[in-house]
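Peer 1: Pasting upload30.cif below, which is mmCIF, C-alpha atoms.
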```
data_protein
#
loop_
_atom_site.label_atom_id
_atom_site.label_comp_id
_atom_site.auth_asym_id
_atom_site.auth_seq_id
_atom_site.Cartn_x
_atom_site.Cartn_y
_atom_site.Cartn_z
CA MET A 362 7.70 27.43 -6.96
CA SER A 363 4.57 25.50 -6.07
CA LYS A 364 4.90 21.81 -5.36
CA LEU A 365 2.63 19.34 -7.15
CA VAL A 366 1.43 16.60 -4.79
CA VAL A 367 -0.99 13.69 -4.95
CA LEU A 368 -3.47 13.88 -2.06
CA LEU A 369 -5.50 10.69 -1.91
CA THR A 370 -6.71 7.94 0.42
CA MET A 371 -6.13 4.35 -0.63
CA SER A 372 -6.82 0.87 0.66
CA LEU A 373 -3.95 -1.39 1.69
CA ASP A 374 -4.21 -2.99 -1.75
CA GLY A 375 -3.94 0.36 -3.50
CA PHE A 376 -7.51 1.18 -4.49
CA VAL A 377 -8.78 4.77 -4.26
CA ALA A 378 -12.34 3.68 -5.03
CA GLY A 379 -14.35 0.50 -5.23
CA PRO A 380 -15.93 -0.71 -8.47
CA ASN A 381 -18.93 0.89 -10.22
CA ARG A 382 -18.24 4.56 -9.51
CA SER A 383 -20.93 7.00 -10.54
CA PRO A 384 -21.68 10.70 -10.00
CA GLY A 385 -22.49 11.15 -6.34
CA HIS A 386 -20.90 7.75 -5.60
CA GLY A 387 -17.29 8.66 -6.26
CA LEU A 388 -15.94 5.96 -3.96
CA GLY A 389 -17.80 3.21 -5.78
CA GLU A 390 -19.34 0.09 -4.27
CA HIS A 391 -18.15 -3.05 -2.44
CA GLY A 392 -16.55 -1.33 0.53
CA GLY A 393 -15.27 1.71 -1.42
CA PRO A 394 -17.13 4.25 0.74
CA HIS A 395 -15.28 2.91 3.81
CA LEU A 396 -12.09 4.44 2.40
CA PHE A 397 -13.21 7.74 3.91
CA ASP A 398 -14.31 6.42 7.32
CA TRP A 399 -11.26 7.99 8.92
CA TYR A 400 -12.47 11.44 7.88
CA PHE A 401 -15.58 11.00 10.03
CA SER A 402 -14.59 8.86 13.02
CA GLY A 403 -14.33 11.77 15.45
CA LYS A 404 -17.05 13.47 17.44
CA GLU A 405 -16.62 17.12 16.48
CA PRO A 406 -16.49 18.80 13.07
CA HIS A 407 -13.05 20.12 12.18
CA PRO A 408 -12.98 23.83 13.11
CA ARG A 409 -11.79 24.84 9.67
CA PHE A 410 -12.88 22.03 7.35
CA SER A 411 -16.28 21.42 8.85
CA ALA A 412 -17.33 18.70 6.40
CA PHE A 413 -14.98 16.38 8.30
CA LYS A 414 -14.80 14.97 11.82
CA PRO A 415 -11.22 13.73 12.01
CA GLU A 416 -9.97 12.04 15.16
CA GLY A 417 -6.70 12.38 17.04
CA ALA A 418 -3.60 12.40 14.85
CA ASN A 419 -5.80 12.42 11.76
CA MET A 420 -6.81 15.97 12.59
CA LEU A 421 -3.19 17.07 12.88
CA VAL A 422 -2.41 15.58 9.49
CA MET A 423 -5.46 17.21 7.91
CA ASP A 424 -4.50 20.58 9.43
CA LYS A 425 -1.00 20.31 8.08
CA ARG A 426 -1.82 18.95 4.63
CA PHE A 427 -4.91 21.02 3.86
CA GLY A 428 -3.18 24.06 5.34
CA GLU A 429 -0.40 23.85 2.74
CA VAL A 430 -2.77 23.50 -0.21
CA GLY A 431 -3.21 26.62 -2.34
CA ALA A 432 -5.08 25.05 -5.24
CA ILE A 433 -6.63 21.75 -6.22
CA LEU A 434 -6.09 19.99 -9.53
CA ALA A 435 -8.92 17.58 -10.10
CA GLY A 436 -10.67 15.59 -12.77
CA ARG A 437 -14.23 15.56 -13.91
CA ASN A 438 -15.18 13.04 -11.18
CA THR A 439 -14.15 15.39 -8.41
CA TYR A 440 -16.34 18.04 -9.97
CA GLU A 441 -19.27 15.63 -10.22
CA ASN A 442 -18.79 14.60 -6.60
CA ALA A 443 -18.55 18.21 -5.50
CA ARG A 444 -21.95 18.75 -7.09
CA GLY A 445 -23.20 16.00 -4.80
CA TRP A 446 -21.80 18.04 -1.91
CA ASN A 447 -24.16 20.90 -2.80
CA GLY A 448 -21.51 22.48 -4.95
CA THR A 449 -19.04 23.00 -2.16
CA HIS A 450 -15.69 21.20 -2.08
CA PRO A 451 -14.60 20.33 1.48
CA ILE A 452 -11.43 22.38 1.03
CA ASN A 453 -13.69 25.19 -0.05
CA ALA A 454 -11.40 28.15 0.33
CA VAL A 455 -9.00 27.17 -2.46
CA PRO A 456 -9.46 27.44 -6.21
CA ILE A 457 -9.96 24.27 -8.21
CA VAL A 458 -8.68 23.52 -11.69
CA VAL A 459 -10.67 20.75 -13.36
CA LEU A 460 -8.96 18.86 -16.18
CA THR A 461 -11.73 17.87 -18.56
CA HIS A 462 -12.77 17.94 -22.18
CA GLU A 463 -16.37 18.46 -21.09
CA ALA A 464 -16.68 21.74 -19.25
CA PRO A 465 -20.21 22.20 -17.94
CA LYS A 466 -22.35 24.76 -19.78
CA GLU A 467 -23.79 26.09 -16.56
CA PRO A 468 -21.16 27.63 -14.29
CA PRO A 469 -20.83 25.74 -10.99
CA ARG A 470 -22.07 27.40 -7.81
CA GLY A 471 -20.77 27.35 -4.28
CA PHE A 472 -17.09 27.39 -5.14
CA SER A 473 -14.81 30.30 -4.52
CA GLN A 474 -13.19 29.66 -7.89
CA MET A 475 -13.31 26.84 -10.40
CA ILE A 476 -11.85 26.75 -13.87
CA PHE A 477 -12.02 24.11 -16.57
CA VAL A 478 -8.97 23.29 -18.65
CA ASN A 479 -8.58 20.55 -21.25
CA ASP A 480 -4.77 20.31 -21.42
CA LEU A 481 -2.66 18.77 -18.64
CA THR A 482 0.37 21.02 -18.71
CA ARG A 483 -1.78 24.11 -18.96
CA ALA A 484 -3.95 22.86 -16.08
CA ILE A 485 -0.83 22.43 -13.93
CA ALA A 486 0.45 25.87 -14.88
CA GLU A 487 -2.91 27.50 -14.08
CA ALA A 488 -3.16 25.67 -10.77
CA LYS A 489 0.33 26.77 -9.78
CA VAL A 490 -0.51 30.39 -10.53
CA LEU A 491 -3.72 30.13 -8.52
CA ALA A 492 -1.87 28.47 -5.64
CA GLY A 493 0.27 31.58 -5.20
CA GLY A 494 3.36 29.72 -4.08
CA LYS A 495 1.47 27.19 -1.96
CA THR A 496 1.06 23.54 -2.90
CA VAL A 497 -1.11 22.21 -5.73
CA ALA A 498 -2.92 19.07 -4.57
CA ILE A 499 -4.07 16.53 -7.15
CA THR A 500 -7.27 14.90 -5.89
CA GLY A 501 -8.32 13.07 -9.04
CA THR A 502 -6.95 9.60 -9.73
CA SER A 503 -6.74 9.82 -13.50
CA VAL A 504 -5.05 13.20 -13.27
CA ALA A 505 -2.63 11.78 -10.70
CA GLN A 506 -1.80 8.91 -13.04
CA GLN A 507 -1.17 11.26 -15.97
CA CYS A 508 1.10 13.41 -13.81
CA LEU A 509 2.99 10.41 -12.39
CA ARG A 510 3.53 9.00 -15.87
CA ALA A 511 4.84 12.34 -17.11
CA GLY A 512 7.13 12.75 -14.10
CA TYR A 513 5.44 15.93 -12.86
CA VAL A 514 4.68 14.85 -9.29
CA ASP A 515 6.89 16.17 -6.48
CA GLU A 516 5.37 14.40 -3.50
CA LEU A 517 2.80 11.78 -2.55
CA TRP A 518 0.56 12.64 0.42
CA LEU A 519 -1.32 9.41 0.89
CA THR A 520 -3.49 7.93 3.58
CA ILE A 521 -3.57 4.13 3.78
CA VAL A 522 -6.64 2.68 5.45
CA PRO A 523 -7.10 -0.79 6.97
CA LEU A 524 -9.13 -2.26 4.17
CA VAL A 525 -8.50 -4.65 1.29
CA LEU A 526 -10.90 -3.81 -1.53
CA GLY A 527 -9.96 -6.44 -4.10
CA ASP A 528 -11.58 -4.51 -6.92
CA GLY A 529 -12.08 -0.93 -8.09
CA LYS A 530 -9.84 1.89 -9.25
CA ARG A 531 -6.15 1.61 -8.38
CA LEU A 532 -4.05 4.70 -7.80
CA PHE A 533 -0.90 3.20 -9.32
CA ASP A 534 -2.17 1.95 -12.62
CA GLY A 535 -1.27 2.97 -16.14
CA ILE A 536 1.79 4.87 -14.95
CA GLY A 537 4.31 2.95 -17.02
CA ASP A 538 6.45 -0.06 -16.15
CA ASP A 539 9.48 1.76 -14.80
CA ALA A 540 10.11 1.58 -11.09
CA ILE A 541 9.94 4.90 -9.25
CA PRO A 542 12.18 5.01 -6.17
CA LEU A 543 10.74 7.29 -3.48
CA GLU A 544 12.14 9.04 -0.43
CA LYS A 545 10.07 8.61 2.69
CA ILE A 546 9.48 11.98 4.35
CA GLU A 547 7.07 11.13 7.13
CA VAL A 548 4.72 8.49 8.48
CA VAL A 549 2.00 9.47 10.96
CA ASP A 550 -0.26 6.78 12.33
CA GLY A 551 -3.78 7.81 13.28
CA PRO A 552 -7.04 6.07 14.16
CA HIS A 553 -8.05 3.79 11.25
CA ALA A 554 -5.54 5.54 8.96
CA THR A 555 -1.81 5.69 8.32
CA HIS A 556 -0.58 8.86 6.65
CA VAL A 557 2.51 8.41 4.49
CA THR A 558 4.40 11.20 2.78
CA TYR A 559 7.00 10.52 0.09
CA ARG A 560 9.15 12.65 -2.15
CA VAL A 561 9.45 11.62 -5.80
CA PRO A 562 13.16 12.37 -6.26
CA HIS A 563 12.99 12.87 -10.02
CA GLY A 564 9.57 14.47 -9.96
CA GLY A 565 8.76 18.00 -10.91
CA HIS A 566 10.64 17.82 -14.20
CA GLY A 567 7.66 19.25 -16.01
CA MET B 987 -3.68 -22.39 18.58
CA SER B 988 -1.10 -21.16 16.11
CA LYS B 989 -1.85 -17.96 14.21
CA LEU B 990 -1.49 -17.91 10.44
CA VAL B 991 0.09 -14.66 9.24
CA VAL B 992 1.33 -13.25 5.94
CA LEU B 993 4.93 -12.05 6.30
CA LEU B 994 5.95 -10.13 3.18
CA THR B 995 7.53 -6.92 1.96
CA MET B 996 5.69 -4.92 -0.68
CA SER B 997 6.14 -1.74 -2.68
CA LEU B 998 3.80 1.21 -2.11
CA ASP B 999 1.84 0.00 -5.13
CA GLY B 1000 1.47 -3.48 -3.68
CA PHE B 1001 4.06 -5.55 -5.56
CA VAL B 1002 6.04 -8.23 -3.73
CA ALA B 1003 8.29 -8.79 -6.75
CA GLY B 1004 9.11 -7.12 -10.02
CA PRO B 1005 8.39 -8.77 -13.37
CA ASN B 1006 10.28 -11.76 -14.82
CA ARG B 1007 10.94 -13.74 -11.66
CA SER B 1008 13.15 -16.78 -12.00
CA PRO B 1009 14.90 -19.24 -9.66
CA GLY B 1010 17.59 -17.31 -7.84
CA HIS B 1011 15.90 -14.04 -8.85
CA GLY B 1012 12.81 -14.30 -6.71
CA LEU B 1013 12.32 -10.53 -6.56
CA GLY B 1014 12.25 -10.20 -10.33
CA GLU B 1015 13.60 -7.35 -12.41
CA HIS B 1016 12.86 -3.61 -12.89
CA GLY B 1017 13.50 -2.51 -9.32
CA GLY B 1018 12.13 -5.65 -7.68
CA PRO B 1019 15.38 -6.46 -5.82
CA HIS B 1020 15.18 -3.05 -4.10
CA LEU B 1021 12.18 -4.35 -2.16
CA PHE B 1022 14.64 -5.95 0.23
CA ASP B 1023 17.05 -3.00 0.58
CA TRP B 1024 15.77 -2.36 4.11
CA TYR B 1025 17.00 -5.79 5.19
CA PHE B 1026 20.57 -4.76 4.40
CA SER B 1027 20.84 -1.02 5.07
CA GLY B 1028 22.57 -1.42 8.43
CA LYS B 1029 26.25 -1.93 9.19
CA GLU B 1030 26.21 -5.07 11.31
CA PRO B 1031 24.69 -8.49 10.69
CA HIS B 1032 21.72 -9.24 12.91
CA PRO B 1033 23.00 -11.23 15.92
CA ARG B 1034 20.44 -13.98 15.40
CA PHE B 1035 19.46 -13.76 11.70
CA SER B 1036 22.90 -13.12 10.31
CA ALA B 1037 21.85 -13.07 6.65
CA PHE B 1038 20.39 -9.60 7.35
CA LYS B 1039 21.78 -6.22 8.38
CA PRO B 1040 18.67 -4.38 9.55
CA GLU B 1041 18.94 -0.81 10.76
CA GLY B 1042 17.31 0.96 13.71
CA ALA B 1043 13.64 0.19 14.21
CA ASN B 1044 13.80 -2.38 11.41
CA MET B 1045 15.89 -4.59 13.67
CA LEU B 1046 13.35 -4.36 16.47
CA VAL B 1047 10.56 -5.36 14.09
CA MET B 1048 12.60 -8.25 12.73
CA ASP B 1049 13.37 -9.43 16.28
CA LYS B 1050 9.73 -9.34 17.22
CA ARG B 1051 8.28 -10.86 14.08
CA PHE B 1052 10.87 -13.54 13.39
CA GLY B 1053 10.94 -14.33 17.12
CA GLU B 1054 7.25 -15.24 17.07
CA VAL B 1055 7.55 -17.50 14.02
CA GLY B 1056 7.49 -21.24 14.73
CA ALA B 1057 7.11 -22.48 11.17
CA ILE B 1058 7.11 -21.12 7.62
CA LEU B 1059 4.52 -21.95 5.00
CA ALA B 1060 5.98 -21.26 1.59
CA GLY B 1061 5.53 -22.00 -2.07
CA ARG B 1062 7.82 -23.58 -4.56
CA ASN B 1063 9.48 -20.19 -5.29
CA THR B 1064 10.65 -19.80 -1.72
CA TYR B 1065 12.20 -23.22 -1.95
CA GLU B 1066 13.91 -22.36 -5.24
CA ASN B 1067 15.20 -19.11 -3.75
CA ALA B 1068 16.43 -20.89 -0.65
CA ARG B 1069 18.48 -23.11 -2.93
CA GLY B 1070 20.06 -19.91 -4.18
CA TRP B 1071 20.92 -19.13 -0.57
CA ASN B 1072 23.02 -22.31 -0.40
CA GLY B 1073 20.08 -24.23 0.91
CA THR B 1074 19.66 -22.20 4.06
CA HIS B 1075 16.58 -20.09 4.65
CA PRO B 1076 17.37 -16.86 6.54
CA ILE B 1077 15.02 -17.89 9.35
CA ASN B 1078 16.92 -21.12 9.43
CA ALA B 1079 15.93 -22.45 12.81
CA VAL B 1080 12.28 -23.05 11.97
CA PRO B 1081 10.71 -25.83 9.92
CA ILE B 1082 9.36 -25.02 6.47
CA VAL B 1083 6.31 -26.50 4.82
CA VAL B 1084 6.40 -26.08 1.05
CA LEU B 1085 3.09 -26.22 -0.80
CA THR B 1086 3.88 -27.73 -4.17
CA HIS B 1087 2.81 -30.41 -6.60
CA GLU B 1088 6.43 -30.90 -7.58
CA ALA B 1089 8.41 -32.07 -4.59
CA PRO B 1090 12.10 -32.38 -5.45
CA LYS B 1091 13.43 -35.89 -5.84
CA GLU B 1092 16.63 -35.05 -4.02
CA PRO B 1093 16.02 -34.02 -0.41
CA PRO B 1094 17.11 -30.43 0.24
CA ARG B 1095 20.18 -29.79 2.37
CA GLY B 1096 20.97 -27.10 4.90
CA PHE B 1097 17.51 -26.86 6.41
CA SER B 1098 16.66 -27.97 9.87
CA GLN B 1099 13.40 -29.38 8.53
CA MET B 1100 11.53 -29.06 5.25
CA ILE B 1101 8.48 -30.96 4.14
CA PHE B 1102 6.58 -30.91 0.85
CA VAL B 1103 2.79 -31.01 0.83
CA ASN B 1104 0.47 -30.70 -2.17
CA ASP B 1105 -2.77 -29.75 -0.40
CA LEU B 1106 -3.38 -26.33 1.17
CA THR B 1107 -5.39 -27.29 4.23
CA ARG B 1108 -3.04 -30.16 5.01
CA ALA B 1109 -0.05 -27.85 4.56
CA ILE B 1110 -1.54 -25.39 7.06
CA ALA B 1111 -2.31 -28.18 9.52
CA GLU B 1112 1.22 -29.59 9.25
CA ALA B 1113 2.77 -26.14 9.65
CA LYS B 1114 0.69 -25.47 12.76
CA VAL B 1115 1.81 -28.76 14.33
CA LEU B 1116 5.44 -27.96 13.52
CA ALA B 1117 5.06 -24.43 14.92
CA GLY B 1118 4.26 -25.88 18.33
CA GLY B 1119 1.90 -23.09 19.33
CA LYS B 1120 4.00 -20.33 17.78
CA THR B 1121 3.00 -18.43 14.64
CA VAL B 1122 2.98 -19.87 11.12
CA ALA B 1123 4.34 -17.26 8.69
CA ILE B 1124 3.34 -17.43 5.04
CA THR B 1125 6.25 -16.18 2.93
CA GLY B 1126 5.03 -17.20 -0.52
CA THR B 1127 2.75 -14.88 -2.45
CA SER B 1128 0.64 -17.49 -4.20
CA VAL B 1129 0.15 -19.37 -0.94
CA ALA B 1130 -0.80 -16.08 0.75
CA GLN B 1131 -3.38 -15.40 -1.95
CA GLN B 1132 -4.90 -18.86 -1.61
CA CYS B 1133 -5.11 -18.45 2.16
CA LEU B 1134 -6.61 -14.94 1.91
CA ARG B 1135 -9.19 -16.11 -0.59
CA ALA B 1136 -10.17 -19.02 1.66
CA GLY B 1137 -10.36 -16.79 4.75
CA TYR B 1138 -7.59 -18.62 6.62
CA VAL B 1139 -5.33 -15.66 7.40
CA ASP B 1140 -5.36 -14.24 10.94
CA GLU B 1141 -2.93 -11.34 10.54
CA LEU B 1142 -0.92 -9.43 7.94
CA TRP B 1143 2.67 -8.59 8.91
CA LEU B 1144 3.73 -6.42 6.02
CA THR B 1145 6.58 -4.07 5.32
CA ILE B 1146 5.87 -1.26 2.87
CA VAL B 1147 8.92 0.18 1.15
CA PRO B 1148 9.32 3.55 -0.58
CA LEU B 1149 9.15 2.27 -4.11
CA VAL B 1150 6.59 2.22 -6.89
CA LEU B 1151 7.25 -0.81 -9.09
CA GLY B 1152 4.52 -0.41 -11.71
CA ASP B 1153 4.80 -4.03 -12.77
CA GLY B 1154 5.41 -7.46 -11.29
CA LYS B 1155 3.61 -9.73 -8.86
CA ARG B 1156 0.99 -8.11 -6.62
CA LEU B 1157 0.28 -9.45 -3.15
CA PHE B 1158 -3.44 -8.67 -3.29
CA ASP B 1159 -4.43 -10.27 -6.54
CA GLY B 1160 -6.80 -13.12 -7.25
CA ILE B 1161 -8.22 -12.97 -3.74
CA GLY B 1162 -11.82 -12.38 -4.78
CA ASP B 1163 -13.81 -9.18 -5.19
CA ASP B 1164 -15.17 -8.91 -1.67
CA ALA B 1165 -13.75 -6.16 0.50
CA ILE B 1166 -11.88 -7.35 3.59
CA PRO B 1167 -12.05 -4.89 6.48
CA LEU B 1168 -8.95 -5.03 8.66
CA GLU B 1169 -8.07 -3.94 12.19
CA LYS B 1170 -4.83 -2.04 12.47
CA ILE B 1171 -2.71 -3.48 15.27
CA GLU B 1172 0.54 -1.58 14.90
CA VAL B 1173 2.58 0.66 12.62
CA VAL B 1174 6.33 1.00 13.14
CA ASP B 1175 8.29 3.29 10.90
CA GLY B 1176 11.90 2.39 10.22
CA PRO B 1177 14.65 3.46 7.80
CA HIS B 1178 13.40 2.93 4.24
CA ALA B 1179 10.55 0.74 5.49
CA THR B 1180 7.19 1.04 7.24
CA HIS B 1181 6.03 -2.03 9.09
CA VAL B 1182 2.26 -2.43 9.29
CA THR B 1183 0.44 -5.13 11.23
CA TYR B 1184 -3.26 -5.82 10.71
CA ARG B 1185 -5.71 -8.34 12.09
CA VAL B 1186 -8.12 -9.95 9.63
CA PRO B 1187 -11.24 -9.96 11.83
CA HIS B 1188 -12.95 -12.82 10.07
CA GLY B 1189 -9.77 -14.71 9.36
CA GLY B 1190 -8.80 -18.05 10.76
CA HIS B 1191 -12.13 -19.65 9.91
CA GLY B 1192 -10.33 -22.56 8.27
#
```
Could you render the structure from this file as structure tokens?

Peer 2:
Amino acid sequence: MSKLVVLLTMSLDGFVAGPNRSPGHGLGEHGGPHLFDWYFSGKEPHPRFSAFKPEGANMLVMDKRFGEVGAILAGRNTYENARGWNGTHPINAVPIVVLTHEAPKEPPRGFSQMIFVNDLTRAIAEAKVLAGGKTVAITGTSVAQQCLRAGYVDELWLTIVPLVLGDGKRLFDGIGDDAIPLEKIEVVDGPHATHVTYRVPHGGHG
Amino acid sequence: MSKLVVLLTMSLDGFVAGPNRSPGHGLGEHGGPHLFDWYFSGKEPHPRFSAFKPEGANMLVMDKRFGEVGAILAGRNTYENARGWNGTHPINAVPIVVLTHEAPKEPPRGFSQMIFVNDLTRAIAEAKVLAGGKTVAITGTSVAQQCLRAGYVDELWLTIVPLVLGDGKRLFDGIGDDAIPLEKIEVVDGPHATHVTYRVPHGGHG
């Protein structure tokens, strides 16, 4: 059975984007774009994910994480951002399920496969089928929050960067008031980034 | 010159306490008390800080961090909690400066030295004198926020625990909307706790 994981980068104070996000500016303003500095601090493009230039241990983590992903579950913002990337998502070999009530009329170009679904549980089910036994990575914050609130998330694959944003979009927001105890699986420290992996012990009950 | 550092434990979502804090229940409710589980997961009391039973790498971090502390700068809550600990702060060999407008009429007992100051910059100055060249550790959240907002903090000595609280008191709240870029100094992963140390490059300008 495919795992459902949250794959996101956040600041030390828990923001996955600065304020004032807009299409093409998915990381917002006021320091938000620096969240992704660690993806580009190296000298050479990643051999497989050439949109990125990860450095040192960051490359090992990217290899491992991206390598396990069989499908992406994203929100409308990820789709809008991908359009800014000339229609090609950086993990461009895997299918993407976009949870949205506003599917574009014109089919997107440059993706191997992208489908639009307007219901969360159906989006998860479709993504798991497309993943073919590999992991489904949630890369949209609002989708991640809906899945956390519903108890569907199996693991958190987060990267914490040395930045306090003070404002913007928080990952852990609107997920209910109940504490969620986690099990730490792994911590890998890389240049300008600390990669933390947790299991959600009661996750996956969807 | 003494460094001013923030020494706190927070959940993955940035809470240093759960909701509904009260004297004697400084970590609040709804999972808040689990923030400090890592302090007590070992079998033996720490030889020097016997209120704690840290395990594995957690003990090494505690040795290093507590060993560098020459004075504590705390808020009224820390004082109230310390009363719950029979008047003895766990780092009981160092003087404590309490920032409060409500100094107790009865002098506290069980502390080597505790002074009450109602002005932030004077509290910092007094703590630095008392620290005698060693580090001043801020252990109160509101004091930490005031110092972060004013740009007085030199380093963050945080412990991130595998817990999402969802509600409570956030460390990074009310510190202004400007992003604060940090320099990562060290990450040490221990049982049920990840210890992260950052420099605030423009800190210490008080």

Peer 1: As an exercise, work out the distance from CA of Val548 (chain A) to CA of Val504 (chain A) in Å and give it to one decimal place.

Peer 2: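 Separating CA of Val548 (chain A) from CA of Val504 (chain A) is a distance of 24.3 Å.
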
Peer 1: Please compute the CA of Glu544 (chain A)-CA of Pro562 (chain A) distance, one decimal, in Å.

Peer 2: 6.8 Å

Peer 1: Once the PyMOL selection byres ((chain B) within 9 of (chain A)) has been applied to the shown file, what residues remain in the selection, as a PyMOL selection string?

Peer 2: chain B and resi 998-1000+1004+1016-1018+1020+1147-1154+1156-1170+1172-1175+1177-1180+1184

Peer 1: Can you list what the PyMOL selection byres ((chain A and resi 492-496) around 12) grabs from this structure, as a CSV table (one decimal) with C-alpha atoms, in the frame of the given file?

Peer 2:
```csv
chain,number,residue,atom,x,y,z
A,362,MET,CA,7.7,27.4,-7.0
A,363,SER,CA,4.6,25.5,-6.1
A,364,LYS,CA,4.9,21.8,-5.4
A,365,LEU,CA,2.6,19.3,-7.2
A,366,VAL,CA,1.4,16.6,-4.8
A,367,VAL,CA,-1.0,13.7,-5.0
A,368,LEU,CA,-3.5,13.9,-2.1
A,425,LYS,CA,-1.0,20.3,8.1
A,426,ARG,CA,-1.8,19.0,4.6
A,427,PHE,CA,-4.9,21.0,3.9
A,428,GLY,CA,-3.2,24.1,5.3
A,429,GLU,CA,-0.4,23.8,2.7
A,430,VAL,CA,-2.8,23.5,-0.2
A,431,GLY,CA,-3.2,26.6,-2.3
A,432,ALA,CA,-5.1,25.0,-5.2
A,433,ILE,CA,-6.6,21.8,-6.2
A,434,LEU,CA,-6.1,20.0,-9.5
A,454,ALA,CA,-11.4,28.2,0.3
A,455,VAL,CA,-9.0,27.2,-2.5
A,456,PRO,CA,-9.5,27.4,-6.2
A,457,ILE,CA,-10.0,24.3,-8.2
A,458,VAL,CA,-8.7,23.5,-11.7
A,474,GLN,CA,-13.2,29.7,-7.9
A,485,ILE,CA,-0.8,22.4,-13.9
A,486,ALA,CA,0.4,25.9,-14.9
A,487,GLU,CA,-2.9,27.5,-14.1
A,488,ALA,CA,-3.2,25.7,-10.8
A,489,LYS,CA,0.3,26.8,-9.8
A,490,VAL,CA,-0.5,30.4,-10.5
A,491,LEU,CA,-3.7,30.1,-8.5
A,497,VAL,CA,-1.1,22.2,-5.7
A,498,ALA,CA,-2.9,19.1,-4.6
A,499,ILE,CA,-4.1,16.5,-7.2
A,514,VAL,CA,4.7,14.8,-9.3
A,515,ASP,CA,6.9,16.2,-6.5
A,516,GLU,CA,5.4,14.4,-3.5
A,517,LEU,CA,2.8,11.8,-2.6
A,518,TRP,CA,0.6,12.6,0.4
```

Peer 1: What is the distance between CA of Tyr400 (chain A) and CA of Glu441 (chain A), in Å to one decimal?

Peer 2: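 Here the two named atoms are 19.8 Å from each other.
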
Peer 1: Applying 7 Å and only C-alpha atoms, which residues near Phe1026 (chain B) remain after dropping the ones on its own chain fewer than 2 positions away? List them as a list of chain:residue names.

Peer 2: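 Skipping anything fewer than 2 positions along the chain leaves B:Asp1023, B:Trp1024, B:Gly1028, B:Phe1038, B:Lys1039, B:Pro1040.
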